[in-house]
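As stored in run_6.txt (compact mmCIF, C-alpha atoms):
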# COMPACT_ATOMS: atom_id res chain seq x y z
CA MET A 1 116.35 85.09 66.53
CA GLU A 2 118.99 87.23 68.10
CA ARG A 3 120.83 85.43 70.88
CA THR A 4 122.74 86.96 73.70
CA VAL A 5 125.15 85.53 76.18
CA ALA A 6 123.86 86.14 79.65
CA GLY A 7 127.28 86.14 81.27
CA LEU A 8 127.11 82.72 82.85
CA GLY A 9 127.96 80.88 79.68
CA VAL A 10 124.27 80.38 78.85
CA ALA A 11 122.98 81.62 75.54
CA LEU A 12 119.41 82.89 75.68
CA PRO A 13 117.13 84.51 73.14
CA GLU A 14 116.97 88.25 73.60
CA PRO A 15 113.23 88.36 74.49
CA VAL A 16 113.77 85.73 77.19
CA LEU A 17 116.70 87.68 78.55
CA PHE A 18 114.56 90.82 78.62
CA LEU A 19 111.83 88.98 80.51
CA LEU A 20 114.38 87.64 83.00
CA LYS A 21 115.88 91.07 83.64
CA SER A 22 112.45 92.65 83.85
CA GLY A 23 111.33 89.95 86.27
CA VAL A 24 114.31 90.56 88.55
CA PHE A 25 113.73 94.31 88.26
CA LEU A 26 110.04 93.95 89.15
CA CYS A 27 110.84 91.67 92.10
CA ALA A 28 113.36 94.20 93.41
CA SER A 29 110.82 96.98 92.87
CA ALA A 30 108.16 94.99 94.75
CA VAL A 31 110.48 94.48 97.72
CA ILE A 32 111.44 98.18 97.79
CA LEU A 33 107.83 99.31 97.47
CA TYR A 34 106.74 96.90 100.19
CA VAL A 35 109.45 98.08 102.60
CA ALA A 36 108.84 101.75 101.81
CA LEU A 37 105.05 101.73 101.79
CA ALA A 38 103.78 98.75 103.78
CA ALA A 39 106.40 97.49 106.24
CA SER A 40 105.74 98.22 109.90
CA TYR A 41 109.43 98.32 110.84
CA PRO A 42 109.51 101.47 113.03
CA ALA A 43 112.58 103.13 111.51
CA VAL A 44 111.17 102.87 107.99
CA HIS A 45 107.61 103.61 109.04
CA ASP A 46 108.48 106.71 111.04
CA THR A 47 110.70 108.09 108.27
CA LEU A 48 108.16 107.53 105.53
CA HIS A 49 104.97 108.06 107.56
CA ASN A 50 104.09 111.41 105.98
CA PHE A 51 105.01 110.16 102.52
CA ARG A 52 102.68 107.16 102.92
CA HIS A 53 99.80 109.41 103.97
CA ALA A 54 100.55 111.82 101.13
CA LEU A 55 99.81 109.13 98.54
CA ALA A 56 96.11 108.79 99.55
CA VAL A 57 95.89 105.08 98.65
CA VAL A 58 98.59 103.67 100.93
CA PRO A 59 97.21 102.34 104.22
CA CYS A 60 98.81 103.42 107.48
CA HIS A 61 97.94 102.88 111.11
CA MET B 62 37.74 91.68 130.59
CA SER B 63 34.37 91.84 128.89
CA LEU B 64 34.01 91.76 125.13
CA LYS B 65 32.70 95.33 125.24
CA ASN B 66 35.86 96.59 126.95
CA LEU B 67 38.09 94.59 124.66
CA ALA B 68 36.37 96.08 121.60
CA ALA B 69 36.84 99.59 123.00
CA LEU B 70 40.50 98.90 123.68
CA LEU B 71 41.06 97.52 120.19
CA ALA B 72 39.37 100.61 118.73
CA LEU B 73 41.84 102.84 120.58
CA VAL B 74 44.95 101.07 119.26
CA PRO B 75 44.72 102.49 115.68
CA PHE B 76 44.08 105.91 117.16
CA PHE B 77 47.30 105.79 119.19
CA LEU B 78 49.27 104.55 116.19
CA LEU B 79 47.80 107.25 113.94
CA SER B 80 48.37 110.06 116.41
CA SER B 81 51.97 108.96 116.87
CA ALA B 82 52.50 108.93 113.10
CA LEU B 83 50.88 112.36 112.76
CA TRP B 84 53.09 113.69 115.51
CA ALA B 85 56.14 112.21 113.80
CA GLU B 86 55.17 113.92 110.56
CA ASP B 87 55.21 117.30 112.33
CA ILE B 88 58.80 116.89 113.39
CA SER B 89 61.48 117.96 110.93
CA ILE B 90 65.21 117.42 111.36
CA TYR B 91 67.53 119.79 109.53
CA PHE B 92 71.27 119.37 109.31
CA LYS B 93 73.92 121.90 108.35
CA VAL B 94 77.69 121.60 108.00
CA SER B 95 80.02 124.56 108.03
CA PRO B 96 82.16 124.94 105.96
CA PRO B 97 80.13 123.21 103.22
CA LEU B 98 80.90 119.53 102.55
CA GLU B 99 82.46 120.33 99.16
CA LEU B 100 85.18 122.31 100.91
CA LEU B 101 85.93 119.79 103.62
CA ARG B 102 88.90 117.45 103.32
CA PRO B 103 90.08 114.61 105.60
CA TYR B 104 92.24 115.79 108.50
CA SER B 105 92.16 119.41 107.33
CA ASP B 106 89.79 121.52 109.43
CA PRO B 107 87.06 120.46 111.83
CA ALA B 108 83.53 120.92 110.56
CA THR B 109 80.86 122.61 112.65
CA MET B 110 77.80 120.38 112.49
CA THR B 111 74.43 121.78 113.49
CA LEU B 112 71.12 120.02 113.92
CA LEU B 113 67.83 121.90 114.07
CA ILE B 114 64.67 120.11 115.15
CA THR B 115 61.40 121.84 114.42
CA GLY B 116 57.89 120.89 115.48
CA THR B 117 54.50 122.17 114.44
CA GLU B 118 54.50 125.29 112.22
CA GLY B 119 58.26 125.01 111.85
CA LYS B 120 59.04 126.29 115.33
CA PRO B 121 62.15 124.86 117.05
CA VAL B 122 61.20 122.27 119.64
CA ALA B 123 61.50 123.56 123.19
CA GLU B 124 63.24 120.57 124.74
CA GLY B 125 64.39 117.07 124.05
CA ARG B 126 67.58 115.24 123.12
CA VAL B 127 69.17 114.00 119.95
CA ALA B 128 71.05 110.72 119.76
CA ILE B 129 73.79 111.07 117.17
CA ARG B 130 75.61 108.23 115.46
CA LEU B 131 78.30 108.76 112.84
CA ASP B 132 79.48 105.84 110.72
CA ALA B 133 82.61 105.92 108.60
CA PRO B 134 82.51 105.24 104.84
CA GLU B 135 82.46 101.63 103.75
CA PRO B 136 85.71 100.25 102.30
CA GLY B 137 86.30 101.13 98.64
CA ARG B 138 86.18 98.54 95.86
CA PHE B 139 89.90 98.60 95.12
CA PHE B 140 92.06 101.17 96.86
CA SER B 141 92.16 101.62 100.61
CA THR B 142 92.15 105.00 102.28
CA ASP B 143 95.15 105.85 104.48
CA PHE B 144 93.18 104.65 107.56
CA PRO B 145 91.75 101.27 106.46
CA LEU B 146 90.81 100.20 110.00
CA VAL B 147 88.47 103.17 110.28
CA GLU B 148 86.48 102.23 107.16
CA GLY B 149 82.96 101.01 107.89
CA SER B 150 83.27 101.52 111.66
CA ARG B 151 81.30 103.58 114.19
CA LEU B 152 83.03 106.91 114.77
CA LEU B 153 80.77 108.67 117.19
CA ASP B 154 77.85 107.75 119.38
CA MET B 155 76.50 110.41 121.72
CA SER B 156 73.39 112.12 122.95
CA LEU B 157 73.14 115.92 123.05
CA PRO B 158 70.50 118.10 124.68
CA LEU B 159 68.71 120.60 122.46
CA ARG B 160 68.95 124.33 123.04
CA GLN B 161 66.22 126.23 121.19
CA GLY B 162 65.85 123.18 118.99
CA LYS B 163 69.57 123.12 118.14
CA ALA B 164 72.48 120.83 118.85
CA GLU B 165 75.98 121.69 117.66
CA TRP B 166 79.37 120.02 117.71
CA LYS B 167 82.66 120.08 115.84
CA TYR B 168 84.19 117.06 114.17
CA LEU B 169 87.25 116.39 112.06
CA PHE B 170 86.55 113.83 109.33
CA PRO B 171 89.43 111.33 109.14
CA ILE B 172 89.07 109.76 105.67
CA ARG B 173 87.47 110.40 102.29
CA GLY B 174 84.17 108.76 101.36
CA ARG B 175 80.51 108.74 102.19
CA TYR B 176 79.72 108.98 105.92
CA ARG B 177 76.35 108.23 107.45
CA LEU B 178 74.99 110.47 110.18
CA THR B 179 71.97 109.00 111.94
CA VAL B 180 69.99 111.39 114.11
CA GLU B 181 67.34 110.22 116.50
CA PHE B 182 65.22 112.89 118.14
CA ILE B 183 63.95 111.86 121.54
CA THR B 184 61.21 113.87 123.25
CA PRO B 185 61.05 114.13 127.04
CA ASP B 186 58.24 111.55 126.97
CA GLY B 187 60.41 109.07 125.08
CA ARG B 188 59.01 109.23 121.52
CA THR B 189 61.56 109.15 118.68
CA VAL B 190 61.98 110.35 115.10
CA THR B 191 64.97 109.12 113.11
CA LYS B 192 66.65 110.54 110.04
CA THR B 193 69.87 109.59 108.27
CA PHE B 194 72.07 112.08 106.43
CA PRO B 195 74.72 110.96 103.94
CA LEU B 196 77.87 113.10 104.07
CA GLY B 197 80.39 112.92 101.21
CA ILE B 198 83.95 114.00 101.96
CA ARG B 199 86.36 114.36 99.07
CA GLU B 200 90.05 113.54 99.23
CA ASN B 201 92.62 116.30 99.43
CA GLU B 202 93.55 117.27 95.85
CA GLN B 203 97.20 117.63 96.88
CA LYS B 204 97.28 113.93 97.72
CA TRP B 205 95.97 112.98 94.28
CA PHE B 206 98.64 115.25 92.79
CA PHE B 207 101.40 113.52 94.79
CA LEU B 208 100.02 110.13 93.79
CA GLY B 209 100.12 111.22 90.14
CA ILE B 210 103.71 112.43 90.42
CA PHE B 211 104.81 109.22 92.17
CA THR B 212 103.04 107.05 89.58
CA MET B 213 104.63 109.03 86.78
CA GLY B 214 108.05 108.59 88.40
CA LEU B 215 107.58 104.83 88.57
CA PHE B 216 106.48 104.77 84.93
CA VAL B 217 109.56 106.72 83.83
CA LEU B 218 111.76 104.36 85.87
CA GLY B 219 110.12 101.44 84.08
CA VAL B 220 110.69 103.06 80.67
CA PHE B 221 114.40 103.61 81.38
CA ALA B 222 114.80 100.05 82.63
CA GLY B 223 112.91 98.72 79.61
CA ARG B 224 115.22 100.59 77.24
CA ILE B 225 118.32 99.40 79.06
CA PHE B 226 117.16 95.76 79.17
CA THR B 227 116.33 95.67 75.46
CA ARG B 228 118.84 94.40 72.91
CA ALA B 229 122.40 93.21 73.21
CA LEU B 230 124.22 95.56 75.44
CA SER B 231 127.49 97.28 75.01
CA ASN B 232 129.88 97.06 77.96
CA ALA B 233 128.96 100.53 79.20
CA LYS B 234 125.22 99.86 78.94
CA GLY B 235 125.66 96.46 80.49
CA ARG B 236 127.37 98.09 83.46
CA ALA B 237 124.50 100.58 83.67
CA ALA B 238 121.95 97.75 83.71
CA GLY B 239 124.00 95.90 86.32
CA CYS B 240 124.24 99.04 88.42
CA LEU B 241 120.46 99.54 88.15
CA LEU B 242 119.73 96.01 89.35
CA VAL B 243 122.40 96.10 92.07
CA SER B 244 121.21 99.47 93.35
CA MET B 245 117.62 98.18 93.37
CA SER B 246 118.60 95.09 95.35
CA CYS B 247 120.78 97.12 97.74
CA VAL B 248 117.87 99.29 98.73
CA SER B 249 115.68 96.30 99.50
CA TRP B 250 116.56 94.79 102.73
CA SER B 251 98.33 103.02 126.02
CA ILE B 252 99.28 104.14 128.56
CA ASP B 253 97.29 106.93 129.94
CA VAL B 254 99.07 110.00 131.14
CA ALA B 255 96.54 111.44 133.44
CA ALA B 256 96.64 115.11 134.19
CA GLN B 257 93.54 115.48 136.21
CA GLU B 258 93.38 118.95 137.59
CA VAL B 259 91.24 118.81 140.65
CA GLY B 260 89.46 122.04 141.44
CA GLN B 261 89.90 123.75 144.76
CA GLY B 262 86.18 124.36 145.28
CA LYS B 263 83.33 122.12 146.43
CA TYR B 264 83.19 120.34 143.11
CA PHE B 265 85.73 118.75 140.83
CA GLY B 266 85.47 117.15 137.40
CA ARG B 267 86.63 113.66 136.52
CA LEU B 268 87.48 112.37 133.07
CA GLU B 269 87.23 108.64 132.58
CA ILE B 270 88.53 107.49 129.23
CA VAL B 271 88.79 103.87 128.25
CA PRO B 272 90.94 103.95 125.12
CA ALA B 273 90.11 101.37 122.48
CA PRO B 274 92.26 100.41 119.50
CA ILE B 275 91.67 102.12 116.16
CA GLY B 276 88.51 100.81 114.52
CA LYS B 277 86.57 100.67 117.80
CA PRO B 278 85.00 103.50 119.76
CA SER B 279 86.52 104.52 123.09
CA SER B 280 84.39 105.42 126.05
CA VAL B 281 84.80 109.09 127.05
CA ARG B 282 83.03 110.12 130.24
CA TRP B 283 83.08 113.32 132.24
CA LYS B 284 81.55 113.38 135.68
CA LEU B 285 81.07 116.07 138.28
CA SER B 286 82.06 114.96 141.75
CA GLY B 287 82.34 116.57 145.13
CA GLU B 288 79.28 117.44 147.12
CA GLU B 289 76.36 115.09 147.56
CA ASN B 290 74.17 116.55 144.81
CA ALA B 291 77.04 116.74 142.30
CA GLU B 292 75.58 114.05 140.02
CA SER B 293 72.43 116.06 139.42
CA ARG B 294 73.92 119.55 139.40
CA ALA B 295 73.20 121.48 136.19
CA VAL B 296 76.40 122.54 134.45
CA LEU B 297 77.43 123.85 131.07
CA LEU B 298 80.15 121.62 129.68
CA THR B 299 82.74 122.28 127.01
CA LEU B 300 84.58 119.15 125.92
CA THR B 301 87.44 119.27 123.44
CA ILE B 302 89.64 116.53 121.98
CA VAL B 303 92.85 117.67 120.30
CA HIS B 304 95.23 115.59 118.17
CA LEU B 305 98.52 116.79 119.67
CA GLU B 306 100.85 115.84 116.80
CA LYS B 307 98.72 117.54 114.16
CA GLY B 308 97.58 120.30 116.54
CA LYS B 309 94.01 119.92 115.35
CA THR B 310 90.73 119.76 117.22
CA VAL B 311 89.13 116.47 116.26
CA PHE B 312 85.99 116.89 118.34
CA SER B 313 84.36 119.53 120.51
CA VAL B 314 81.05 120.48 122.04
CA GLU B 315 80.59 123.89 123.65
CA ARG B 316 78.59 124.79 126.70
CA ILE B 317 76.11 121.95 126.48
CA PRO B 318 73.75 121.72 129.46
CA VAL B 319 74.33 118.47 131.32
CA ALA B 320 73.20 117.14 134.68
CA GLY B 321 76.54 116.39 136.33
CA GLU B 322 77.63 113.90 133.71
CA PHE B 323 78.37 113.51 130.01
CA ALA B 324 79.31 110.30 128.23
CA MET B 325 79.91 109.34 124.64
CA ASN B 326 81.62 106.75 122.50
CA PHE B 327 84.27 108.32 120.32
CA GLN B 328 86.69 106.63 117.99
CA PHE B 329 90.27 107.91 117.99
CA THR B 330 91.09 107.32 114.34
CA ASP B 331 94.86 107.81 114.39
CA GLY B 332 97.47 106.09 116.52
CA ALA B 333 98.75 109.19 118.29
CA GLU B 334 98.54 111.24 121.46
CA TYR B 335 95.38 113.20 122.19
CA ARG B 336 94.44 115.73 124.85
CA VAL B 337 90.92 115.62 126.19
CA THR B 338 89.87 118.79 128.00
CA ALA B 339 86.62 119.37 129.85
CA ILE B 340 85.60 122.79 131.16
CA ALA B 341 82.52 122.92 133.37
CA TYR B 342 80.66 126.13 134.18
CA ILE B 343 78.59 125.87 137.35
CA ALA B 344 76.39 128.70 138.60
CA ALA B 345 78.00 130.58 141.52
CA GLU B 346 81.05 128.31 141.39
CA PRO B 347 84.47 128.74 139.83
CA MET B 348 85.05 127.21 136.42
CA LEU B 349 86.27 123.61 136.57
CA ARG B 350 88.92 122.49 134.13
CA THR B 351 89.89 118.86 133.74
CA ALA B 352 92.36 117.55 131.19
CA GLN B 353 93.82 114.20 130.34
CA ASN B 354 96.33 113.05 127.77
CA ILE B 355 95.74 109.69 126.20
CA SER B 356 97.92 107.72 123.89
CA ILE B 357 96.25 105.60 121.25
CA ALA B 358 98.43 102.75 120.07
CA GLY B 359 98.79 102.48 116.31
CA VAL B 360 97.49 99.28 114.80
CA GLU B 361 99.16 97.84 111.76
CA PRO B 362 96.65 97.71 108.90
CA PRO B 363 95.94 94.30 107.39
CA ALA B 364 98.33 93.32 104.61
CA ARG B 365 95.46 92.94 102.15
CA ALA B 366 94.81 96.67 102.41
CA ALA B 367 98.23 97.43 100.91
CA ILE B 368 98.06 94.84 98.11
CA PRO B 369 95.95 96.92 95.67
CA ALA B 370 98.26 99.95 95.93
CA LEU B 371 101.45 97.84 95.60
CA GLY B 372 99.90 95.93 92.70
CA PHE B 373 98.99 99.18 90.99
CA PHE B 374 102.51 100.59 91.36
CA LEU B 375 104.09 97.37 90.03
CA THR B 376 101.70 97.38 87.08
CA VAL B 377 102.79 100.93 86.27
CA ILE B 378 106.46 99.86 86.35
CA ALA B 379 105.69 96.84 84.13
CA LEU B 380 103.87 99.12 81.71
CA GLY B 381 106.92 101.39 81.69
CA LEU B 382 109.16 98.41 80.93
CA ALA B 383 106.97 97.46 77.96
CA VAL B 384 106.91 101.04 76.65
CA GLY B 385 110.68 101.33 77.10
CA ARG B 386 111.25 98.16 75.11
CA TRP B 387 108.82 99.25 72.43
CA SER B 388 110.45 102.71 72.14
CA ARG B 389 113.89 101.13 71.84
CA ARG B 390 112.74 98.71 69.15
CA ALA B 391 110.77 101.32 67.24
CA ALA B 392 113.71 103.75 67.14
CA PRO B 393 115.91 103.37 64.00
CA SER B 394 119.32 101.98 64.96
Could the structure of this file be written out as structure tokens, please?
Amino acid sequence: MERTVAGLGVALPEPVLFLLKSGVFLCASAVILYVALAASYPAVHDTLHNFRHALAVVPCH
Amino acid sequence: MSLKNLAALLALVPFFLLSSALWAEDISIYFKVSPPLELLRPYSDPATMTLLITGTEGKPVAEGRVAIRLDAPEPGRFFSTDFPLVEGSRLLDMSLPLRQGKAEWKYLFPIRGRYRLTVEFITPDGRTVTKTFPLGIRENEQKWFFLGIFTMGLFVLGVFAGRIFTRALSNAKGRAAGCLLVSMSCVSWSIDVAAQEVGQGKYFGRLEIVPAPIGKPSSVRWKLSGEENAESRAVLLTLTIVHLEKGKTVFSVERIPVAGEFAMNFQFTDGAEYRVTAIAYIAAEPMLRTAQNISIAGVEPPARAAIPALGFFLTVIALGLAVGRWSRRAAPS
């Protein structure tokens, strides 16, 4: 199986590396989506209020 | 009571029950919405809702009242609407007098789904006939379009990321992947204002509004005050509620005959500022205008309402990642 060096001196199989990167990417996406679409922090909420309502399935106050 | 009298009384009971049922069968309740329900969308334009009550031979009943209750659609199975606190709650509870068998009001539907309008016709002698009308309101097509575009964007993002994350990376591609992850992580980090305008004449109108949080009906009450007989004075009342930010009328009744007072329970479905205006027309008196601004505090929806949408968006990204990886692997190197 193809092996790739992750950069920290640890050799990992390529599929595992893909899963790791994808996992980090999905976690970052989840945080961004939560802040943008669900957080009640006023600055974010007020800026994205219309956008949230425009998506039909995102709850707002 | 003698047995003879008791027997006579018992014989009359079925007669009363039967006559009441026969009377109820004569009454018909018709309901009309304008524009038609198929054209109505949440928070677009207020609908004019008309009730017609007919009696024997289809003639409109001469007098009586209708008690009107409007219930919001029940929560959906998966996705929330944009006002989850409104779902399944009581939106409107009022009683309107009939004029030539008709009662009419305007209402702005706040969310998509199937509403339930329950109408109870009450005759002057207290008898009632009840009918429930289901009202289906469809979501604004533009919102579905935006949702589609957003979902597609997330999918494309997932595909790009999937392609970048697949295989051993060259220095340039590795930097691109690093930049993608770094940029993703960088991004992630009632008071009432009363404006009661007191008339200069013998009478003046008072608006008493007890604002409730979203999801619960607020008490809206208009009362004629002034001279001694003000409470029983016949007036024609126009009551309008306007959502100031959107500039839309969310509720109105026009020139309904009331005896010095009108009260209803109305749910303010959006956390925003509203203006409630009452105009009373009294015979041989100047028109009375009363207005009040009220601010409804926004309530944060429960976190569980957002989970389905966030889960859906993340699933789309994950799907994009898988497709990106597959496309990269399938392509000849």
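If you measure from each of A:Leu20, A:Leu12, A:Leu37, A:Ile32 to chain B using all atoms listed in the file, the closest one turns out to be A:Ile32.
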* Which polymer residues have any atom within 12 Å of an atom of Cys27 (chain A), counting all atoms listed in the file, with same-chain residues fewer than 2 positions away left out, as an NGL selection string? -> (:A and (19-25 or 29-34)) or (:B and (242 or 245-246 or 249 or 371-372 or 375-376 or 378-379))
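Counting only C-alpha atoms, every residue of chain A that comes within 6 Å of chain B is listed here: Phe18, Ala28, Val31, Ile32, His53, Ala54, Leu55, Ala56, Val57, Val58, Pro59, Cys60 and His61 of chain A.
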So that I have them on file, write out the residues from the current selection with C-alpha atoms, as a compact mmCIF listing (two decimals), in the frame of the given file.
# COMPACT_ATOMS: atom_id res chain seq x y z
CA PHE A 18 114.56 90.82 78.62
CA ALA A 28 113.36 94.20 93.41
CA VAL A 31 110.48 94.48 97.72
CA ILE A 32 111.44 98.18 97.79
CA HIS A 53 99.80 109.41 103.97
CA ALA A 54 100.55 111.82 101.13
CA LEU A 55 99.81 109.13 98.54
CA ALA A 56 96.11 108.79 99.55
CA VAL A 57 95.89 105.08 98.65
CA VAL A 58 98.59 103.67 100.93
CA PRO A 59 97.21 102.34 104.22
CA CYS A 60 98.81 103.42 107.48
CA HIS A 61 97.94 102.88 111.11
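From CA of Arg160 (chain B) back to CA of Pro318 (chain B), the distance works out to 8.4 Å.
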Near Glu322 (chain B), within 9 Å and counting all atoms listed in the file, which residues show up once chain neighbours fewer than 6 positions away are dropped, as a compact mmCIF listing (two decimals) with C-alpha atoms, keeping the file's coordinate frame?
# COMPACT_ATOMS: atom_id res chain seq x y z
CA ARG B 282 83.03 110.12 130.24
CA TRP B 283 83.08 113.32 132.24
CA LYS B 284 81.55 113.38 135.68
CA LEU B 285 81.07 116.07 138.28
CA GLU B 292 75.58 114.05 140.02
CA SER B 293 72.43 116.06 139.42
CA ARG B 294 73.92 119.55 139.40
CA VAL B 296 76.40 122.54 134.45
* Which one is closest to Leu26 (chain A): B:Leu131, B:Leu298, B:Gly197, B:Leu218? Count only C-alpha atoms. -> B:Leu218
* Which polymer residues have any atom within 6 Å of an atom of Thr301 (chain B), counting all atoms listed in the file, with same-chain residues fewer than 2 positions away left out, as a count of residues only? -> 4
* All residues 9 Å or closer to Pro121 (chain B), only C-alpha atoms, same chain fewer than 4 positions away omitted, as JSON, numbers by chain -> {"B": [113, 114, 115, 116, 117, 161, 162, 163]}
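Nearest to Thr310 (chain B) of all the residues B:Arg199, B:Phe329, B:Leu153, B:Leu112 is B:Phe329, based on all atoms listed in the file.
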Region 128-145 of chain B from the block above, N, CA and C atoms, as a PDB file, in the first residue's frame, please?
ATOM      1  N   ALA B 128     -66.018  32.440  16.683  1.00  0.00           N
ATOM      2  CA  ALA B 128     -64.755  32.333  17.417  1.00  0.00           C
ATOM      3  C   ALA B 128     -63.765  31.685  16.461  1.00  0.00           C
ATOM      4  N   ILE B 129     -62.618  32.325  16.310  1.00  0.00           N
ATOM      5  CA  ILE B 129     -61.641  31.876  15.316  1.00  0.00           C
ATOM      6  C   ILE B 129     -60.342  31.503  16.017  1.00  0.00           C
ATOM      7  N   ARG B 130     -59.859  30.304  15.723  1.00  0.00           N
ATOM      8  CA  ARG B 130     -58.574  29.879  16.277  1.00  0.00           C
ATOM      9  C   ARG B 130     -57.700  29.390  15.129  1.00  0.00           C
ATOM     10  N   LEU B 131     -56.480  29.906  15.070  1.00  0.00           N
ATOM     11  CA  LEU B 131     -55.559  29.481  14.019  1.00  0.00           C
ATOM     12  C   LEU B 131     -54.344  28.839  14.672  1.00  0.00           C
ATOM     13  N   ASP B 132     -54.080  27.593  14.275  1.00  0.00           N
ATOM     14  CA  ASP B 132     -52.926  26.871  14.823  1.00  0.00           C
ATOM     15  C   ASP B 132     -51.874  26.685  13.739  1.00  0.00           C
ATOM     16  N   ALA B 133     -50.623  26.876  14.137  1.00  0.00           N
ATOM     17  CA  ALA B 133     -49.505  26.769  13.195  1.00  0.00           C
ATOM     18  C   ALA B 133     -49.245  25.306  12.835  1.00  0.00           C
ATOM     19  N   PRO B 134     -48.585  25.064  11.714  1.00  0.00           N
ATOM     20  CA  PRO B 134     -48.273  23.683  11.317  1.00  0.00           C
ATOM     21  C   PRO B 134     -47.425  22.976  12.373  1.00  0.00           C
ATOM     22  N   GLU B 135     -47.632  21.687  12.460  1.00  0.00           N
ATOM     23  CA  GLU B 135     -46.822  20.882  13.385  1.00  0.00           C
ATOM     24  C   GLU B 135     -45.383  20.814  12.863  1.00  0.00           C
ATOM     25  N   PRO B 136     -44.420  20.577  13.766  1.00  0.00           N
ATOM     26  CA  PRO B 136     -43.024  20.493  13.300  1.00  0.00           C
ATOM     27  C   PRO B 136     -42.851  19.386  12.261  1.00  0.00           C
ATOM     28  N   GLY B 137     -41.964  19.629  11.302  1.00  0.00           N
ATOM     29  CA  GLY B 137     -41.693  18.646  10.254  1.00  0.00           C
ATOM     30  C   GLY B 137     -40.927  17.454  10.813  1.00  0.00           C
ATOM     31  N   ARG B 138     -40.822  16.404   9.987  1.00  0.00           N
ATOM     32  CA  ARG B 138     -40.138  15.187  10.459  1.00  0.00           C
ATOM     33  C   ARG B 138     -38.638  15.391  10.587  1.00  0.00           C
ATOM     34  N   PHE B 139     -38.060  16.172   9.687  1.00  0.00           N
ATOM     35  CA  PHE B 139     -36.598  16.303   9.696  1.00  0.00           C
ATOM     36  C   PHE B 139     -36.172  17.760   9.782  1.00  0.00           C
ATOM     37  N   PHE B 140     -36.441  18.504   8.730  1.00  0.00           N
ATOM     38  CA  PHE B 140     -36.002  19.903   8.702  1.00  0.00           C
ATOM     39  C   PHE B 140     -36.959  20.803   9.472  1.00  0.00           C
ATOM     40  N   SER B 141     -36.364  21.828  10.079  1.00  0.00           N
ATOM     41  CA  SER B 141     -37.170  22.853  10.743  1.00  0.00           C
ATOM     42  C   SER B 141     -37.535  23.923   9.709  1.00  0.00           C
ATOM     43  N   THR B 142     -38.533  24.712  10.017  1.00  0.00           N
ATOM     44  CA  THR B 142     -38.771  25.918   9.221  1.00  0.00           C
ATOM     45  C   THR B 142     -37.851  27.004   9.789  1.00  0.00           C
ATOM     46  N   ASP B 143     -37.892  28.212   9.232  1.00  0.00           N
ATOM     47  CA  ASP B 143     -37.005  29.247   9.778  1.00  0.00           C
ATOM     48  C   ASP B 143     -37.542  29.850  11.073  1.00  0.00           C
ATOM     49  N   PHE B 144     -38.771  29.483  11.491  1.00  0.00           N
ATOM     50  CA  PHE B 144     -39.298  29.914  12.801  1.00  0.00           C
ATOM     51  C   PHE B 144     -39.744  28.671  13.594  1.00  0.00           C
ATOM     52  N   PRO B 145     -38.781  27.905  14.135  1.00  0.00           N
ATOM     53  CA  PRO B 145     -39.158  26.633  14.782  1.00  0.00           C
ATOM     54  C   PRO B 145     -40.045  26.800  16.011  1.00  0.00           C
TER      55      PRO B 145
END
